[in-house]
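K.L.:
Pasting a structure here, questions to come.
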Amino acid sequence: MNVIENTEIFPPRKRFVDVEEKFTKYIIGGRVLPVTYFEDPSIHFTLKAVYQPGDKRTFPNGGFEVYGPEGSVFNYELDQLVMHPFHYRMMNYFSKAQNIVKEKVTTGVKGRRGRPRKDPSELKTQAVYVPTGGTRGRKPMDPALKALKEAEKAERALLSNGRRGRPKKVVS
């Protein structure tokens with residue numbers, strides 16, 4: 001499948017030549033590739049309708065109606081559209097067709113990426129735990145204050161009757 005520019009007509013337009021037969025079996029609703037977007041095949045186009053010569057007044061030589069991105073409608077001649085290779089699960093078609101060779105980038109530094117290795121003498125030393133004598137965590141509550149809170153908690157439990165929610169007001 002190649003793209004050439006037809007200069008015999010005015011205005012000049014691009015068209016497909018040497019197209020394999022499987023790319024010309026059009027399926028309504030299938031993904032298609034217009035010739036104007038051959039350089040950027042990631043844009044999604046869907047086939048709306050196919051018209052043979054004489055089928056429709058607005059397409060005297062035949063043509064296609066295509067849904068483009070964002071729902072817009074495009075019109076193409078019969079030699080300006082093929083079924084997209086992605087429709088046939090040919091995901092590497094464009095990288096093979098353009099013979100793109102990726103060269104390995106070398107930085108001149110041999111070895112692995114990332115953080116450099118530690119010195120072996122540093123690896124043998126281990127951190128030693130030294131007790132400081134202090135206590136960890138929250139400081140304990142005063143025993144008198146703790147007893148007072150426990151009593152309030154017990155009183156609330158007696159008034160609740162085992163029910164959840166806001167406790168009833170106590171009339172004193």
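By convention here, the chains of the structure tokens are called A, B, ... in the order presented, each chain's residues are numbered starting at 1, and ligands are numbered starting at 1 in the order presented.
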Taking 6 positions as the minimum chain separation for residues in the same chain, which residues sit within 9 Å of region 51-64 of chain A when counting only C-alpha atoms? Answer as a list in words.
P.N.:
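Result of the neighbour search: Phe74, Asn75, Tyr76, Glu77, Leu78, Asp79, Gln80 and Leu81 of chain A.
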K.L.:
Include N, CA and C atoms and write out the residues we just selected as a PDB file, in the first residue's frame.
P.N.:
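Output contents, as saved in part-v4.pdb:
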```pdb
ATOM      1  N   PHE A  74     -16.912  13.001   6.842  1.00  0.00           N
ATOM      2  CA  PHE A  74     -15.994  13.309   5.756  1.00  0.00           C
ATOM      3  C   PHE A  74     -16.409  12.520   4.525  1.00  0.00           C
ATOM      4  N   ASN A  75     -16.093  13.049   3.341  1.00  0.00           N
ATOM      5  CA  ASN A  75     -16.383  12.384   2.072  1.00  0.00           C
ATOM      6  C   ASN A  75     -15.072  12.113   1.348  1.00  0.00           C
ATOM      7  N   TYR A  76     -14.936  10.913   0.779  1.00  0.00           N
ATOM      8  CA  TYR A  76     -13.718  10.535   0.072  1.00  0.00           C
ATOM      9  C   TYR A  76     -14.084   9.814  -1.213  1.00  0.00           C
ATOM     10  N   GLU A  77     -13.169   9.873  -2.203  1.00  0.00           N
ATOM     11  CA  GLU A  77     -13.314   9.147  -3.465  1.00  0.00           C
ATOM     12  C   GLU A  77     -13.014   7.666  -3.219  1.00  0.00           C
ATOM     13  N   LEU A  78     -13.267   6.821  -4.251  1.00  0.00           N
ATOM     14  CA  LEU A  78     -13.085   5.381  -4.078  1.00  0.00           C
ATOM     15  C   LEU A  78     -11.630   4.971  -3.884  1.00  0.00           C
ATOM     16  N   ASP A  79     -10.688   5.764  -4.400  1.00  0.00           N
ATOM     17  CA  ASP A  79      -9.281   5.399  -4.251  1.00  0.00           C
ATOM     18  C   ASP A  79      -8.593   6.139  -3.098  1.00  0.00           C
ATOM     19  N   GLN A  80      -9.369   6.773  -2.235  1.00  0.00           N
ATOM     20  CA  GLN A  80      -8.802   7.542  -1.132  1.00  0.00           C
ATOM     21  C   GLN A  80      -9.034   6.908   0.237  1.00  0.00           C
ATOM     22  N   LEU A  81      -9.515   5.681   0.285  1.00  0.00           N
ATOM     23  CA  LEU A  81      -9.855   5.080   1.568  1.00  0.00           C
ATOM     24  C   LEU A  81      -9.564   3.584   1.528  1.00  0.00           C
TER      25      LEU A  81
END
```
K.L.:
Using DSSP secondary structure from the backbone, list all alpha helix (DSSP H) positions within chain A, as a list in words.
P.N.:
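Matching residues, listed in order: Tyr93, Phe94, Ser95, Lys96, Ala97, Pro120, Ser121, Glu122, Leu123, Lys124, Pro143, Ala144, Leu145, Lys146, Ala147, Leu148, Lys149, Glu150, Ala151, Glu152, Lys153, Ala154, Glu155, Arg156, Ala157, Leu158, Leu159 and Ser160 of chain A.
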K.L.:
Hey, can you spit out that residue selection with N, CA and C atoms as a CSV table (one decimal), in the first residue's frame?
P.N.:
```
chain,number,residue,atom,x,y,z
A,93,TYR,N,1.8,-2.8,11.7
A,93,TYR,CA,1.9,-2.6,10.3
A,93,TYR,C,2.7,-1.3,9.9
A,94,PHE,N,2.5,-0.2,10.6
A,94,PHE,CA,3.1,1.0,10.2
A,94,PHE,C,4.6,1.0,10.5
A,95,SER,N,5.0,0.4,11.6
A,95,SER,CA,6.4,0.3,11.9
A,95,SER,C,7.2,-0.5,10.9
A,96,LYS,N,6.5,-1.6,10.4
A,96,LYS,CA,7.2,-2.4,9.4
A,96,LYS,C,7.2,-1.8,8.1
A,97,ALA,N,6.1,-1.1,7.7
A,97,ALA,CA,6.0,-0.4,6.4
A,97,ALA,C,7.0,0.7,6.2
A,120,PRO,N,31.8,-1.9,50.1
A,120,PRO,CA,31.6,-3.1,50.9
A,120,PRO,C,32.0,-2.9,52.4
A,121,SER,N,32.9,-2.0,52.7
A,121,SER,CA,33.2,-1.8,54.2
A,121,SER,C,32.0,-1.2,54.9
A,122,GLU,N,31.1,-0.4,54.2
A,122,GLU,CA,30.0,0.2,54.8
A,122,GLU,C,28.9,-0.9,55.0
A,123,LEU,N,28.8,-1.9,54.2
A,123,LEU,CA,27.8,-2.9,54.3
A,123,LEU,C,27.9,-3.8,55.5
A,124,LYS,N,29.2,-4.0,56.0
A,124,LYS,CA,29.4,-4.8,57.1
A,124,LYS,C,29.0,-4.2,58.5
A,143,PRO,N,-3.6,8.8,87.9
A,143,PRO,CA,-4.6,7.8,88.4
A,143,PRO,C,-5.9,8.3,88.9
A,144,ALA,N,-5.9,9.5,89.6
A,144,ALA,CA,-7.1,10.1,90.1
A,144,ALA,C,-8.0,10.5,89.0
A,145,LEU,N,-7.4,11.1,87.9
A,145,LEU,CA,-8.2,11.6,86.8
A,145,LEU,C,-8.8,10.4,86.0
A,146,LYS,N,-7.9,9.3,85.9
A,146,LYS,CA,-8.4,8.1,85.2
A,146,LYS,C,-9.6,7.5,86.0
A,147,ALA,N,-9.6,7.5,87.3
A,147,ALA,CA,-10.7,6.9,88.0
A,147,ALA,C,-11.9,7.7,87.8
A,148,LEU,N,-11.8,9.0,87.8
A,148,LEU,CA,-13.0,9.9,87.6
A,148,LEU,C,-13.6,9.6,86.2
A,149,LYS,N,-12.8,9.5,85.2
A,149,LYS,CA,-13.3,9.2,83.8
A,149,LYS,C,-14.0,7.9,83.7
A,150,GLU,N,-13.4,6.9,84.4
A,150,GLU,CA,-14.0,5.5,84.5
A,150,GLU,C,-15.4,5.6,85.1
A,151,ALA,N,-15.6,6.4,86.2
A,151,ALA,CA,-16.9,6.5,86.8
A,151,ALA,C,-17.9,7.2,85.9
A,152,GLU,N,-17.5,8.2,85.2
A,152,GLU,CA,-18.4,8.9,84.3
A,152,GLU,C,-18.8,7.9,83.2
A,153,LYS,N,-17.9,7.1,82.7
A,153,LYS,CA,-18.2,6.2,81.7
A,153,LYS,C,-19.2,5.1,82.2
A,154,ALA,N,-19.1,4.7,83.4
A,154,ALA,CA,-20.0,3.7,84.0
A,154,ALA,C,-21.4,4.3,84.2
A,155,GLU,N,-21.4,5.6,84.6
A,155,GLU,CA,-22.7,6.2,84.8
A,155,GLU,C,-23.5,6.4,83.4
A,156,ARG,N,-22.7,6.7,82.4
A,156,ARG,CA,-23.4,6.8,81.0
A,156,ARG,C,-23.9,5.5,80.6
A,157,ALA,N,-23.1,4.4,80.9
A,157,ALA,CA,-23.6,3.1,80.5
A,157,ALA,C,-24.9,2.7,81.2
A,158,LEU,N,-25.0,3.1,82.4
A,158,LEU,CA,-26.3,2.8,83.2
A,158,LEU,C,-27.5,3.5,82.6
A,159,LEU,N,-27.3,4.8,82.2
A,159,LEU,CA,-28.4,5.6,81.6
A,159,LEU,C,-28.8,5.2,80.2
A,160,SER,N,-27.9,4.5,79.5
A,160,SER,CA,-28.2,4.2,78.1
A,160,SER,C,-29.2,3.2,77.8
```
K.L.:
Give me, please, the distance in Å between CA of Pro131 (chain A) and CA of Asp119 (chain A), quoted to one decimal.
P.N.:
28.5 Å
K.L.:
So which residues of chain A fall under strand (DSSP E or B) by DSSP, listed as a ChimeraX atom specification?
P.N.:
/A:2-6,13-17,31-34,45-51,56,59,63-67,73-76,81-83
K.L.:
Keeping only C-alpha atoms, write the selected residues to a file as a PDB file, in the first residue's frame.
P.N.:
```pdb
ATOM      1  CA  ASN A   2       1.562   3.258  -1.161  1.00  0.00           C
ATOM      2  CA  VAL A   3       0.379   6.850  -1.354  1.00  0.00           C
ATOM      3  CA  ILE A   4       0.956   9.017  -4.421  1.00  0.00           C
ATOM      4  CA  GLU A   5      -0.277  12.435  -5.452  1.00  0.00           C
ATOM      5  CA  ASN A   6      -2.468  12.515  -8.566  1.00  0.00           C
ATOM      6  CA  ARG A  13      -5.091  14.983  -4.456  1.00  0.00           C
ATOM      7  CA  LYS A  14      -3.472  11.985  -2.837  1.00  0.00           C
ATOM      8  CA  ARG A  15      -4.617   8.424  -3.512  1.00  0.00           C
ATOM      9  CA  PHE A  16      -3.723   4.854  -2.576  1.00  0.00           C
ATOM     10  CA  VAL A  17      -1.985   2.557  -5.084  1.00  0.00           C
ATOM     11  CA  ARG A  31     -12.306   1.376  11.217  1.00  0.00           C
ATOM     12  CA  VAL A  32     -10.926   2.938   8.032  1.00  0.00           C
ATOM     13  CA  LEU A  33      -7.835   4.917   7.065  1.00  0.00           C
ATOM     14  CA  PRO A  34      -8.238   7.960   4.782  1.00  0.00           C
ATOM     15  CA  PHE A  45     -12.342   7.077  11.442  1.00  0.00           C
ATOM     16  CA  THR A  46     -15.383   4.821  10.997  1.00  0.00           C
ATOM     17  CA  LEU A  47     -17.052   3.910   7.692  1.00  0.00           C
ATOM     18  CA  LYS A  48     -20.602   5.255   7.403  1.00  0.00           C
ATOM     19  CA  ALA A  49     -21.586   4.398   3.815  1.00  0.00           C
ATOM     20  CA  VAL A  50     -20.138   3.122   0.502  1.00  0.00           C
ATOM     21  CA  TYR A  51     -21.487   4.439  -2.823  1.00  0.00           C
ATOM     22  CA  LYS A  56     -25.952   8.655  -5.364  1.00  0.00           C
ATOM     23  CA  PHE A  59     -21.121  10.901  -5.680  1.00  0.00           C
ATOM     24  CA  GLY A  63     -17.237   7.353  -2.888  1.00  0.00           C
ATOM     25  CA  PHE A  64     -17.377   6.988   0.869  1.00  0.00           C
ATOM     26  CA  GLU A  65     -18.962   8.773   3.792  1.00  0.00           C
ATOM     27  CA  VAL A  66     -16.851   8.471   6.938  1.00  0.00           C
ATOM     28  CA  TYR A  67     -17.406   9.439  10.573  1.00  0.00           C
ATOM     29  CA  VAL A  73     -18.622  13.449   8.531  1.00  0.00           C
ATOM     30  CA  PHE A  74     -15.994  13.309   5.756  1.00  0.00           C
ATOM     31  CA  ASN A  75     -16.383  12.384   2.072  1.00  0.00           C
ATOM     32  CA  TYR A  76     -13.718  10.535   0.072  1.00  0.00           C
ATOM     33  CA  LEU A  81      -9.855   5.080   1.568  1.00  0.00           C
ATOM     34  CA  VAL A  82      -8.829   1.616   2.797  1.00  0.00           C
ATOM     35  CA  MET A  83      -9.752  -0.500   5.793  1.00  0.00           C
TER      36      MET A  83
END
```
K.L.:
Rounded to one decimal, what separation in Å do you get between CA of Gly165 (chain A) and CA of Met141 (chain A)?
P.N.:
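Interatomic distance, CA of Gly165 (chain A) to CA of Met141 (chain A): 27.9 Å.
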K.L.:
Show which residues sit within 12 Å of Tyr88 (chain A), as a ChimeraX atom specification. Count only C-alpha atoms, and ignore same-chain residues fewer than 2 positions away.
P.N.:
/A:22-23,25-27,30-32,82-86,90-93
